[in-house]
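Data block below; observations after.
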Amino acid sequence: YALNPESLEYCVIEMNARLSRSSALASKATGYPLAFVAAKIGLGWTLPELQNSVTTTTTACFEPSLDYIVTKIPRWDLSKFNHVSRDIGSCMKSVGEVMAIGRTFEESLQKAIRSVDPSFAGFAPLAGCMPEDAAELEELLHTPTDRRLFHLAYAMLERGYSAERLHELTRIDMWFLHKLENICAVHNALKAPHVTLQNLGRAQLETAKRMGFSDAQIARLVTRDGGSAGEDAVRALRGQFGLRPFVKRIDTLAGEFPAPTNYLYTTYNAATDDVAFDAHGTMVLGSGVYRIGSSVEFDWCGVSAIRALRQLGHRTVMVNYNPETVSTDFDECDRLYFDELSYERVRDIYELEQARGVVVSVGGQLPQNIALRLQRSSVNVLGTSAKMIDAAEDRHRFSSILDRIGVDQPAWKELVSADDAARFAADVGYPVLVRPSYVLSGAAMNVAHDADALRAHLQLAASVSPEHPVVVTKFIQGARELDVDAVAHGGALLTHAVSEHIEDAGVHSGDASLVLPPARLPRDVLRRVREIAEKVARAFAISGPFNMQVIMQADPEAGAAGSGASPPPPLLKVIECNLRASRSFPFVSKVLGTDFVDTATRAIVGEGVPPPRDLMQESAAWPFAAVKVPQFSWTRLAGADPQLGVEMSSTGEVACFGRSPEAAYLAALLATNGFRLPRAGSTVLLGADDLADPRVAQKVARCFADAGYAVAADSVETARLLGSSCGDVRVVSLDYADRRTLREAVRESGIDLVVSLARRRPESKADAAYAVRRMAVDFGIPLVNNPRCAEMLVDALAALPAGWAQRSLATPLEVRPWRQYLDQRTSASS
């Protein structure tokens, strides 16, 4: 509906005869299971005949009645993309959403803001969202962007804008602005110069907590001895005053009928708990909001861990705030807390529940970031010690441990100053990789090709992870990367899987295409990778899941061995290790027919631990391969450069099986949204730059030409690079600045596939390689943006029967059941 804000006039603007993405949110916000009821109605049931499966005491004809407020805020990751527009409008750009529950709007809003990103304190100014110029501020307030809420906070708290003035600029309803003013009033009262932790009274502290202020937020506002109070000090003061959150049910009926649901949230706007704390369950921390780098893969891990714990007889407690997840379904666990994954809230729930322990290694990076603080606060962190988790996350300590146990890694140095980093880069040679600690999906990780880029990347890394060291390592070009997913118990390796990246090292593992089993790896390399995994598991005393990235590099001494001598084995260098489940755990579990998270959960709690098993031992004999490829959302991100790098940018993934890696790759690529094979007789446009590999460019051009496609180059230089590999190459000159004529020029050229082999990262939108890639995305033309992927694609097309590449088929491959592939693997291994 569209509602006229000046009246009660409204109109219908869209209707879909299906469930929508907000159906899960609505179901979990109300405790009314829409999908369940809709399915039953479709089968002929009526509302009075259906029991509400959440409340178990009422029928589905009871309309939900709420005594709480739910706030949903989207999660945007626009800062990960170069040249992207931050404006938000009718085209969806968010990658996830959070749902927060409270008894007041102020409380639920602040909980929601913190849930979007742990670096957000609440409704408060944010660094980078504080323009000095009033005209710029008012423009930012007028135009909706992903940071508008923080511009509002800055305007109200730092510039003194009234609700009336903000209403004129933003047209946001006055009800919301008055609620924001309530938050600002408490914020300013806490920030008053005379307020200290010592004279902060119970009433003022309780008011702040009821307004949704976190302990950390209060600590930053309350001055003490010229500094600021610590979060734990505020918590201690709460304890002295007897202030704690109360646990309430999402019962659909506003407490009017008994509802024994396990669907819970915490609030300070209450006086009693709705539940008794006598179960002493095992807590599992979920993955939080979907973001680039943490999506449904970690939800699968969390759900699998809950199910394994229940099979072992544990009472389970899930903490998560993402309405899009299975882990927040009310029937997956014994108790579900729809609440923040912060140190404060997790500790609150742990102490209220008197839990047996907390599992922090199946929910991605968020639980890992608070593991050490939890353990230091006497919380029983199950599985791998939080001290070891911290050692692996700390780039300096991790690298030192690898040196001690004799595991090779690229040359590295902990950042002391920008000048020291520049000297290190000069010693080892550019390019170098800047690696901050405690980050997800490669945030602020960048490759520097010169001193100027190094200084800029160091500044960014320090701002993203200010409390942890930044390490600079030598970036190895032309190497291949291996993903190792593994489980250990008591430092002994239980099981592992080795997947091979199609792309060269330098593409984030979340954006890389993974092949399992690794078809091109000799058995000796697999043995050495296993030995590295065993050393790492032992050194970090791992009990639970872990993941490693290993670089496989040709030995530089190979050239000196002489033509008659066999080449020396490749060098294996560990570049990263996470002592948690990874986003590829679901992939390897389903390909190998072994639930890695089930094994990891048993290792974490030390119950029913299976014997060690080498699943990769006979992988060379498997009569199939599986390939996982990324799914990107470039079309929704206006202006973003569709180029791969060390920071993750994909928003999903698909995986397919095939008789060969090439067949599996083609099936997976066709399964992604937005890719198809070029039509018969159409043109394939190749783009390149001075770093492009001539061998790959010529191979790709020749293969498409042999398949009957016309091959065109984006410049004279690219045509010169292709040489005579595919006959005469036409140079297509396009005016990318004139959007009115560009589409017609593309149509006349017959371009139906763009292959961009350029490797330099463009500094501006004027770059020709950027313009080619962006043109493909904007006009719906399939794009291949990596040289190794382009090579794999043409190899896959060459393996098809003659003429199949130009058929209009969704997937020109055989289709077989998943179970059949697993049975083949079992037969081959035995």
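Labels used: A, B, ... for chains in the order of the structure tokens, numbers from 1 for residues in each chain, and numbers from 1 for ligands as shown.
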Per-residue DSSP, segment 278-466 of chain A, filtered to strand (DSSP E or B), as JSON, numbers by chain: {"A": [282, 283, 284, 285, 291, 294, 316, 317, 318, 319, 320, 335, 336, 337, 338, 357, 358, 359, 381, 412, 413, 414, 432, 433, 434, 435, 446, 447, 448]}
Would you give me, as a Markdown table, each residue of segment 272-380 of chain A having an atom within 12 Å of an atom of segment 585-600 of chain A, along with its shortest atom pair and that distance in Å to one decimal, using only C-alpha atoms and sorting by chain and residue number?
```
| residue | atom | partner | partner_atom | distance |
| --- | --- | --- | --- | --- |
| A:Ser295 | CA | A:Pro586 | CA | 11.7 |
| A:Val296 | CA | A:Pro586 | CA | 9.6 |
| A:Glu297 | CA | A:Pro586 | CA | 6.3 |
| A:Phe298 | CA | A:Pro586 | CA | 8.5 |
| A:Asp299 | CA | A:Pro586 | CA | 9.9 |
| A:Trp300 | CA | A:Pro586 | CA | 7.0 |
| A:Cys301 | CA | A:Val597 | CA | 6.1 |
| A:Gly302 | CA | A:Val597 | CA | 8.4 |
| A:Val303 | CA | A:Val597 | CA | 9.3 |
| A:Ser304 | CA | A:Val597 | CA | 6.2 |
| A:Ala305 | CA | A:Val597 | CA | 6.1 |
| A:Ile306 | CA | A:Asp598 | CA | 9.1 |
| A:Arg307 | CA | A:Asp598 | CA | 8.2 |
| A:Ala308 | CA | A:Asp598 | CA | 5.6 |
| A:Leu309 | CA | A:Asp598 | CA | 8.6 |
| A:Arg310 | CA | A:Asp598 | CA | 11.0 |
| A:Gln311 | CA | A:Asp598 | CA | 9.9 |
| A:Leu312 | CA | A:Asp598 | CA | 10.5 |
| A:Val359 | CA | A:Ala600 | CA | 10.7 |
| A:Val360 | CA | A:Ala600 | CA | 11.9 |
| A:Ser361 | CA | A:Ala600 | CA | 9.2 |
| A:Val362 | CA | A:Val597 | CA | 7.8 |
| A:Gly363 | CA | A:Val597 | CA | 11.2 |
| A:Gly364 | CA | A:Phe585 | CA | 11.2 |
```
12 Å contact set for Ser23 of chain A, only C-alpha atoms, chain neighbours under 3 positions out, as a ChimeraX atom specification: /A:16,18-20,26-38,323-324
Surrounding residues of segment 700-717 of chain A excluding itself and chain neighbours under 4 positions, 10 Å, only C-alpha atoms, as number ranges by chain: A: 678-690, 694-696, 721-734, 749-756, 768-769, 772, 787, 790-795, 797-798, 802-806
Test item: residues at most 8 Å from Cys11 of chain A, only C-alpha atoms, excluding those fewer than 2 positions along its chain, as a list in words: Tyr1, Ala2, Leu3, Glu9 and Ile13 of chain A
Picked from segment 136-272 of chain A by DSSP as alpha helix (DSSP H), as an MDAnalysis selection string: chainID A and resid 136:142 148:157 163:170 174:191 202:210 215:221 231:241
Sort by chain and increasing residue number a table of all residues of segment 574-667 of chain A within 12 Å of segment 394-412 of chain A, each with its closest pair of atoms and their distance in Å to one decimal, counting only C-alpha atoms, and write it as a Markdown table.
```
| residue | atom | partner | partner_atom | distance |
| --- | --- | --- | --- | --- |
| A:Val574 | CA | A:Gln409 | CA | 5.0 |
| A:Ile575 | CA | A:Gln409 | CA | 6.1 |
| A:Glu576 | CA | A:Phe398 | CA | 8.6 |
| A:Cys577 | CA | A:Phe398 | CA | 8.4 |
| A:Asn578 | CA | A:Phe398 | CA | 10.2 |
| A:Leu579 | CA | A:Phe398 | CA | 11.4 |
```
Shell around segment 344-346 of chain A at 9 Å using only C-alpha atoms, local window under 6 positions removed, as JSON, numbers by chain: {"A": [214, 215, 216, 231, 232, 235, 245, 266, 285, 319, 374]}
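Once segment 129-135 of chain A and its same-chain neighbours fewer than 6 positions away are set aside, Leu141, His142, Thr145, Asp146, Arg147, Arg148, Leu149, Phe150, His151, Leu152, Ala153, Tyr154, Ala155, Met156, Leu157, Glu158, Arg159, Gly160, Tyr161 and Leu169 of chain A remain within 12 Å of it when counting only C-alpha atoms.
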